[in-house]
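Step one of this worksheet: look at the structure below.
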Amino acid sequence: MSTYVLVHGAWHTGAEFEPVAAAIRKAGHVVHTPTIRGNRPGDRKDSGLAEAIQSIVDYLAEHNLSDIVLVGHSYGGMIITGVADAAASRIRRLVYWNAFVPNNGECLNDMVPPTYLGLFDAIAAERGDGSVVLPFPIWREAFINDADLETAQRAYDVLNPHPLKTFQDKIALKTNPAEMQIAKSYVNCTEDTAMPHGLPWHPRLSQKLGLFRLVQVAGSHELCFTNPARLAQAFLDAGRD
Amino acid sequence: MSTYVLVHGAWHTGAEFEPVAAAIRKAGHVVHTPTIRGNRPGDRKDSGLAEAIQSIVDYLAEHNLSDIVLVGHSYGGMIITGVADAAASRIRRLVYWNAFVPNNGECLNDMVPPTYLGLFDAIAAERGDGSVVLPFPIWREAFINDADLETAQRAYDVLNPHPLKTFQDKIALKTNPAEMQIAKSYVNCTEDTAMPHGLPWHPRLSQKLGLFRLVQVAGSHELCFTNPARLAQAFLDAGRD
Amino acid sequence: MSTYVLVHGAWHTGAEFEPVAAAIRKAGHVVHTPTIRGNRPGDRKDSGLAEAIQSIVDYLAEHNLSDIVLVGHSYGGMIITGVADAAASRIRRLVYWNAFVPNNGECLNDMVPPTYLGLFDAIAAERGDGSVVLPFPIWREAFINDADLETAQRAYDVLNPHPLKTFQDKIALKTNPAEMQIAKSYVNCTEDTAMPHGLPWHPRLSQKLGLFRLVQVAGSHELCFTNPARLAQAFLDAGRD
């Protein structure tokens with residue numbers, strides 16, 4: 001029996017991981033699905049990356065969790081990297097699911113194609129509260145391409161505006177991921193086109209982990225909505241010793 | 001219910017798409033499988049790309065088709081791009097299946113590895129009627145690698161000599177694919193080695209579509225012969241809203 | 001009915017191919033699983049590549065084998081290339097399974113990432129008998145990533161120290177693989193990360209074959225342990241005419 005902590009991506013909360021968590025619990029494990037500061041109902045949208053990371057560090061401390069498999073999705077890769085740097089002793093293995101892998105001094109936007117950067121700035125300027133949202137056509141075609149339209153729309157409706165500052169803040173790390181003395185896995189969905197193809201998730205970002213275990217599974221960036229049971233199996237294959 | 005129009009590749013006719021069409025019809029849709037000018041029984045083999053495109057534009061007009069999902073395979077990507085430029089109002093979504101994606105002024109040969117160009121020229125010079133054929137060893141190993149020998153041979157026997165001029169003519173487009181205001185999908189067979197590996201179909205050509213939906217499926221460049229039902233499902237996943 | 005000869009990789013013997021051989025035999029074929037000189041029980045560990053190749057050339061002659069499908073795994077790709085150069089008339093088709101493909105004058109180490117080279121030198125220096133072993137964490141995460149820990153450990157326990165000289169010796173070929181007049185296939189396991197991702201097996205090495213048939217299958221570099229029946233099917237798809 002292991003303890004899994006699933007850390008969501010931008011625009012999501014922990015609630016969207018519940019169907020995945022249920023499948024992992026069925027296999028006999030304990031699963032936590034915290035929501036990062038900035039994405040919780042009522043949170044201000046001008047908070048930054050350090051506070052986001054700290055909110056998960058605090059969660060682990062409050063629940064006194066140790067020997068955990070810490071999973072991060074997309075933007076959640078920024079978070080679990082920061083958490084591992086701050087609380088390494090609590091973590092048995094890091095699992096990145098189509099996630100950003102930062103070295104010290106990098107921000108999420110450093111790993112994103114230029115076309116997204118301009119788009120996000122324009123959307124945030126219009127919204128005015130520090131948050132950015134994803135236009136539906138990009139979500140439907142490039143993020144959840146394996147869904148039917150109804151699932152794509154239903155999933156889109158539960159997203160929350162994301163604090164743009166968390167994409168711009170540079171992460172402060174004592175140790176880069178490749179040098180961390182923690183086991184690491186990368187789960188890659190083979191139809192994930194959220195990062196356009198000149199800049200794929202894998203191997204561009206996965207190889208920043210140094211020695212890591214690759215697990216691949218068919219599906220889009222949002223397999224948590226389209227096939228949570230299959231995603232849970234991928235997390236189990238990635239998370240075991 | 002949607003209307004699908006399946007546009008075949010070089011050396012093929014619409015007839016080879018019939019098993020795929022049957023599976024799409026079973027799902028409740030209307031399917032057309034026209035044959036491009038230059039590949040119809042009795043066609044001259046010195047016709048060019050503009051006439052080939054026009055033959056499908058005419059087909060859509062004659063059958064008064066609108067709101068269609070227009071699918072193009074391989075060379076058929078040249079055709080559907082030209083048709084979309086000429087008759088955008090009839091089209092709901094373009095689906096490229098391991099297909100060429102041209103910008104204005106490009107020809108198919110611009111996207112093909114040099115080794116094929118010399119080979120095609122030599123074969124056409126020997127044939128003398130403007131047509132080119134594919135040598136069986138290339139067909140068997142690089143185009144239909146997922147078939148047994150009997151299927152590979154039977155499929156080869158139905159191919160027709162292809163007008164080489166359609167590979168050499170530069171396409172004239174008012175709008176490049178990335179800027180077209182039509183939804184777009186790319187279906188990529190993961191074992192398709194018809195384009196040697198320094199020059200793959202995806203993402204090299206798919207990314208010329210701008211925002212598009214990726215659908216991947218196991219199989220070769222000729223999945224229409226080796227697993228038409230699976231290919232039909234990929235077209236349905238690619239063609240839905 | 002065909003005759004398959006399965007040539008193992010570094011650290012292995014023919015015995016580890018027996019579950020794969022059993023599945024191919026069930027399909028009606030004859031299968032041989034020789035062990036390369038340098039990996040047989042009691043072999044000296046300072047022997048080189050030429051003797052390794054010669055040991056399989058001798059095996060084919062002693063058993064009077066002809067019209068064979070000759071399969072090589074990983075380091076075994078060096079061996080089958082040398083065997084094909086020396087005994088072409090015995091071979092119907094070469095099948096490379098996530099294997100090295102050398103041209104004349106190349107050694108295995110020329111195709112391996114620099115990080116491995118330094119590691120192998122250091123390990124060999126410490127051992128002192130000319131052999132190198134693979135550290136368990138690399139084996140578990142990068143070679144047999146699709147196994148559970150028990151399978152990974154059990155497989156690791158049957159490996160034997162490998163003569164490092166066979167990685168350093170340059171191969172002498174009269175004909176490079178792309179020019180050999182023998183049919184060729186490449187079987188690529190899609191989760192094989194034994195070669196880090198800037199230097200993948202396919203298409204980096206497969207394209208050195210010239211015209212070849214691609215077969216892909218889910219799994220790690222050590223699918224012979226994790227799913228021998230599926231690997232056997234891939235060999236059959238790769239080995240048929």
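Simple scheme: letters A, B, ... for chains in structure tokens order, numbers from 1 for residues in each chain, numbers from 1 for ligands in the order shown.
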Least-squares align chain A to chain C using all Cα atoms paired by position, then dump the moved coordinates as a compact mmCIF listing (two decimals) with C-alpha atoms, in the first residue's frame.
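Generated output (superposed.txt):
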```
# COMPACT_ATOMS: atom_id res chain seq x y z
CA MET A 1 7.52 -22.85 -42.06
CA SER A 2 10.60 -20.69 -41.54
CA THR A 3 13.76 -21.04 -39.48
CA TYR A 4 14.36 -18.25 -36.95
CA VAL A 5 17.72 -17.65 -35.29
CA LEU A 6 17.43 -15.28 -32.32
CA VAL A 7 20.65 -13.51 -31.33
CA HIS A 8 20.59 -11.98 -27.84
CA GLY A 9 21.94 -8.66 -26.58
CA ALA A 10 24.72 -7.71 -24.19
CA TRP A 11 24.58 -9.31 -20.72
CA HIS A 12 22.12 -11.94 -21.99
CA THR A 13 22.42 -15.51 -23.26
CA GLY A 14 20.22 -17.41 -25.69
CA ALA A 15 18.36 -18.95 -22.75
CA GLU A 16 16.52 -15.67 -22.06
CA PHE A 17 14.96 -15.95 -25.54
CA GLU A 18 13.43 -19.37 -24.85
CA PRO A 19 9.93 -18.11 -23.90
CA VAL A 20 9.89 -16.09 -27.15
CA ALA A 21 11.17 -19.09 -29.11
CA ALA A 22 8.46 -21.29 -27.62
CA ALA A 23 5.76 -18.92 -28.91
CA ILE A 24 7.31 -18.83 -32.40
CA ARG A 25 7.56 -22.64 -32.45
CA LYS A 26 3.87 -22.82 -31.57
CA ALA A 27 3.21 -20.93 -34.82
CA GLY A 28 4.94 -23.75 -36.69
CA HIS A 29 8.50 -22.52 -37.14
CA VAL A 30 11.95 -23.80 -36.16
CA VAL A 31 13.81 -21.55 -33.72
CA HIS A 32 17.46 -21.49 -32.62
CA THR A 33 18.74 -19.45 -29.66
CA PRO A 34 22.55 -19.62 -29.74
CA THR A 35 24.70 -17.82 -27.18
CA ILE A 36 27.39 -15.48 -28.49
CA ARG A 37 31.04 -16.10 -27.55
CA GLY A 38 31.84 -13.97 -24.53
CA ASN A 39 28.45 -14.61 -22.91
CA ARG A 40 28.57 -18.40 -22.60
CA PRO A 41 29.08 -19.86 -19.11
CA GLY A 42 32.83 -19.97 -18.46
CA ASP A 43 33.79 -17.69 -21.38
CA ARG A 44 36.73 -15.30 -20.92
CA LYS A 45 35.59 -11.66 -20.72
CA ASP A 46 38.38 -10.14 -22.82
CA SER A 47 37.20 -11.44 -26.18
CA GLY A 48 36.23 -9.06 -28.98
CA LEU A 49 33.61 -8.38 -31.63
CA ALA A 50 35.15 -10.42 -34.45
CA GLU A 51 35.20 -13.57 -32.32
CA ALA A 52 31.64 -12.87 -31.20
CA ILE A 53 30.44 -12.60 -34.82
CA GLN A 54 32.45 -15.67 -35.84
CA SER A 55 30.79 -17.74 -33.11
CA ILE A 56 27.38 -17.20 -34.75
CA VAL A 57 28.75 -17.71 -38.28
CA ASP A 58 30.12 -21.03 -37.00
CA TYR A 59 26.78 -21.90 -35.39
CA LEU A 60 24.94 -21.47 -38.69
CA ALA A 61 27.53 -23.60 -40.50
CA GLU A 62 27.57 -26.35 -37.87
CA HIS A 63 23.79 -26.62 -37.99
CA ASN A 64 23.79 -26.21 -41.76
CA LEU A 65 21.13 -23.51 -41.57
CA SER A 66 19.90 -21.65 -44.65
CA ASP A 67 17.01 -19.40 -45.69
CA ILE A 68 16.85 -18.15 -42.12
CA VAL A 69 15.25 -15.14 -40.47
CA LEU A 70 18.12 -13.78 -38.39
CA VAL A 71 16.98 -11.65 -35.45
CA GLY A 72 19.31 -9.48 -33.37
CA HIS A 73 18.53 -7.64 -30.13
CA SER A 74 20.46 -4.51 -29.10
CA TYR A 75 24.18 -5.50 -29.21
CA GLY A 76 22.94 -8.46 -31.27
CA GLY A 77 22.46 -5.98 -34.13
CA MET A 78 26.25 -5.70 -34.35
CA ILE A 79 26.43 -9.49 -34.54
CA ILE A 80 23.75 -10.12 -37.18
CA THR A 81 25.17 -7.36 -39.37
CA GLY A 82 28.58 -9.03 -39.27
CA VAL A 83 27.04 -12.47 -39.85
CA ALA A 84 25.06 -11.16 -42.84
CA ASP A 85 28.25 -9.74 -44.31
CA ALA A 86 30.07 -13.05 -43.89
CA ALA A 87 27.28 -15.52 -44.68
CA ALA A 88 24.69 -13.64 -46.75
CA SER A 89 23.64 -16.73 -48.67
CA ARG A 90 22.20 -18.34 -45.53
CA ILE A 91 19.88 -15.45 -44.72
CA ARG A 92 16.39 -14.67 -46.01
CA ARG A 93 15.73 -11.61 -43.83
CA LEU A 94 17.43 -9.63 -41.08
CA VAL A 95 15.28 -8.46 -38.15
CA TYR A 96 16.72 -5.82 -35.83
CA TRP A 97 14.94 -5.54 -32.47
CA ASN A 98 15.90 -2.21 -30.84
CA ALA A 99 19.33 -3.05 -32.13
CA PHE A 100 22.49 -1.29 -33.19
CA VAL A 101 23.03 -0.96 -36.94
CA PRO A 102 26.70 -0.41 -37.77
CA ASN A 103 28.31 0.70 -40.98
CA ASN A 104 31.83 -0.47 -41.82
CA GLY A 105 34.34 0.86 -39.32
CA GLU A 106 31.85 1.72 -36.56
CA CYS A 107 31.78 0.25 -33.08
CA LEU A 108 28.80 -0.04 -30.74
CA ASN A 109 30.17 2.73 -28.54
CA ASP A 110 29.96 5.12 -31.51
CA MET A 111 26.15 4.86 -31.26
CA VAL A 112 25.86 5.19 -27.46
CA PRO A 113 25.40 8.41 -25.45
CA PRO A 114 28.55 9.77 -23.77
CA THR A 115 27.19 9.28 -20.25
CA TYR A 116 27.10 5.50 -20.73
CA LEU A 117 30.67 5.41 -22.09
CA GLY A 118 32.20 6.95 -18.98
CA LEU A 119 30.07 4.77 -16.74
CA PHE A 120 31.05 1.55 -18.56
CA ASP A 121 34.75 2.44 -18.45
CA ALA A 122 34.59 3.11 -14.73
CA ILE A 123 32.75 -0.15 -14.00
CA ALA A 124 35.13 -2.20 -16.17
CA ALA A 125 38.17 -0.58 -14.51
CA GLU A 126 36.87 -1.63 -11.13
CA ARG A 127 36.03 -5.21 -12.20
CA GLY A 128 39.40 -5.80 -13.88
CA ASP A 129 38.54 -8.91 -15.97
CA GLY A 130 37.46 -6.98 -19.09
CA SER A 131 33.77 -7.16 -18.30
CA VAL A 132 31.12 -4.54 -17.57
CA VAL A 133 27.83 -4.87 -15.71
CA LEU A 134 24.75 -2.65 -15.70
CA PRO A 135 23.87 -0.92 -12.40
CA PHE A 136 20.46 -2.09 -11.16
CA PRO A 137 18.80 1.39 -11.06
CA ILE A 138 19.56 1.94 -14.77
CA TRP A 139 18.31 -1.56 -15.59
CA ARG A 140 15.11 -1.11 -13.61
CA GLU A 141 14.19 2.41 -14.79
CA ALA A 142 15.54 2.62 -18.34
CA PHE A 143 15.77 -0.99 -19.60
CA ILE A 144 12.83 -2.85 -18.03
CA ASN A 145 10.52 0.05 -17.17
CA ASP A 146 7.41 -1.98 -18.00
CA ALA A 147 8.07 -4.68 -15.37
CA ASP A 148 7.09 -4.90 -11.75
CA LEU A 149 10.01 -4.85 -9.32
CA GLU A 150 10.03 -8.61 -8.82
CA THR A 151 10.29 -9.34 -12.56
CA ALA A 152 12.95 -6.64 -12.92
CA GLN A 153 15.01 -8.21 -10.13
CA ARG A 154 14.56 -11.81 -11.34
CA ALA A 155 15.61 -10.82 -14.86
CA TYR A 156 18.60 -8.87 -13.53
CA ASP A 157 19.77 -11.92 -11.62
CA VAL A 158 20.21 -14.01 -14.81
CA LEU A 159 22.38 -11.43 -16.62
CA ASN A 160 26.08 -12.15 -17.10
CA PRO A 161 29.04 -9.72 -17.16
CA HIS A 162 29.66 -8.55 -20.72
CA PRO A 163 33.06 -8.24 -22.48
CA LEU A 164 33.58 -4.48 -22.91
CA LYS A 165 35.94 -4.99 -25.86
CA THR A 166 32.93 -6.03 -28.02
CA PHE A 167 31.57 -2.46 -27.57
CA GLN A 168 34.91 -0.90 -28.57
CA ASP A 169 35.96 -3.03 -31.57
CA LYS A 170 35.15 -1.50 -34.94
CA ILE A 171 33.24 -3.82 -37.25
CA ALA A 172 34.76 -4.79 -40.60
CA LEU A 173 32.12 -5.03 -43.34
CA LYS A 174 32.45 -5.49 -47.09
CA THR A 175 28.91 -4.13 -47.52
CA ASN A 176 27.00 -1.66 -45.35
CA PRO A 177 23.49 -2.73 -44.25
CA ALA A 178 21.67 -0.29 -46.59
CA GLU A 179 23.39 -1.89 -49.59
CA MET A 180 22.98 -5.52 -48.52
CA GLN A 181 20.73 -7.49 -50.89
CA ILE A 182 18.77 -9.04 -48.03
CA ALA A 183 15.28 -8.07 -46.84
CA LYS A 184 15.34 -6.13 -43.55
CA SER A 185 12.93 -5.30 -40.73
CA TYR A 186 13.19 -3.18 -37.60
CA VAL A 187 11.11 -3.99 -34.51
CA ASN A 188 10.81 -0.94 -32.25
CA CYS A 189 9.43 -1.11 -28.71
CA THR A 190 7.75 2.24 -28.18
CA GLU A 191 8.67 2.55 -24.48
CA ASP A 192 12.32 1.55 -24.95
CA THR A 193 14.40 4.23 -23.21
CA ALA A 194 17.67 2.28 -23.02
CA MET A 195 19.07 4.85 -25.44
CA PRO A 196 18.29 8.25 -23.92
CA HIS A 197 15.99 10.36 -25.96
CA GLY A 198 18.27 12.58 -27.87
CA LEU A 199 19.61 9.38 -29.45
CA PRO A 200 16.64 7.03 -30.00
CA TRP A 201 16.84 3.59 -31.62
CA HIS A 202 14.26 4.47 -34.25
CA PRO A 203 14.57 6.25 -36.65
CA ARG A 204 18.19 7.18 -35.83
CA LEU A 205 19.54 3.63 -36.31
CA SER A 206 16.74 1.98 -38.30
CA GLN A 207 17.21 4.39 -41.19
CA LYS A 208 20.74 3.06 -41.69
CA LEU A 209 19.06 -0.06 -43.12
CA GLY A 210 17.88 1.70 -46.29
CA LEU A 211 14.55 0.17 -47.32
CA PHE A 212 13.18 -1.73 -44.32
CA ARG A 213 9.90 -2.84 -42.76
CA LEU A 214 8.92 -1.17 -39.47
CA VAL A 215 7.03 -3.12 -36.82
CA GLN A 216 6.23 -1.34 -33.55
CA VAL A 217 5.02 -2.82 -30.30
CA ALA A 218 4.38 -1.39 -26.84
CA GLY A 219 7.04 -2.28 -24.31
CA SER A 220 10.52 -1.75 -22.97
CA HIS A 221 13.96 -2.82 -24.13
CA GLU A 222 13.40 -6.11 -22.28
CA LEU A 223 10.03 -7.21 -23.64
CA CYS A 224 11.52 -10.73 -23.80
CA PHE A 225 10.96 -10.86 -20.04
CA THR A 226 7.76 -8.82 -19.72
CA ASN A 227 5.71 -10.09 -22.66
CA PRO A 228 7.49 -12.81 -24.65
CA ALA A 229 4.34 -13.87 -26.54
CA ARG A 230 3.74 -10.33 -27.83
CA LEU A 231 7.38 -10.03 -28.83
CA ALA A 232 7.14 -13.34 -30.69
CA GLN A 233 4.19 -11.96 -32.68
CA ALA A 234 6.23 -8.87 -33.57
CA PHE A 235 9.07 -11.13 -34.78
CA LEU A 236 6.58 -13.08 -36.91
CA ASP A 237 5.17 -9.88 -38.44
CA ALA A 238 8.71 -8.67 -39.07
CA GLY A 239 10.03 -11.98 -40.34
CA ARG A 240 7.36 -13.01 -42.87
CA ASP A 241 7.92 -12.28 -46.55
```
### Task
Enumerate the residues of stretch 4-236 of chain B with a DSSP assignment of strand (DSSP E), computed from the backbone, and present them as a PyMOL selection string.
chain B and resi 4-7+30-32+68-73+91-97+131-132+162-163+183-189+213-217
### Message
Please identify the alpha helix (DSSP H) residues within stretch 14-226 of chain B (assignment by DSSP from backbone atoms) and present them as an MDAnalysis selection string.
### Response
chainID B and resid 18:26 49:62 76:86 114:127 136:138 149:157 165:168 223:226
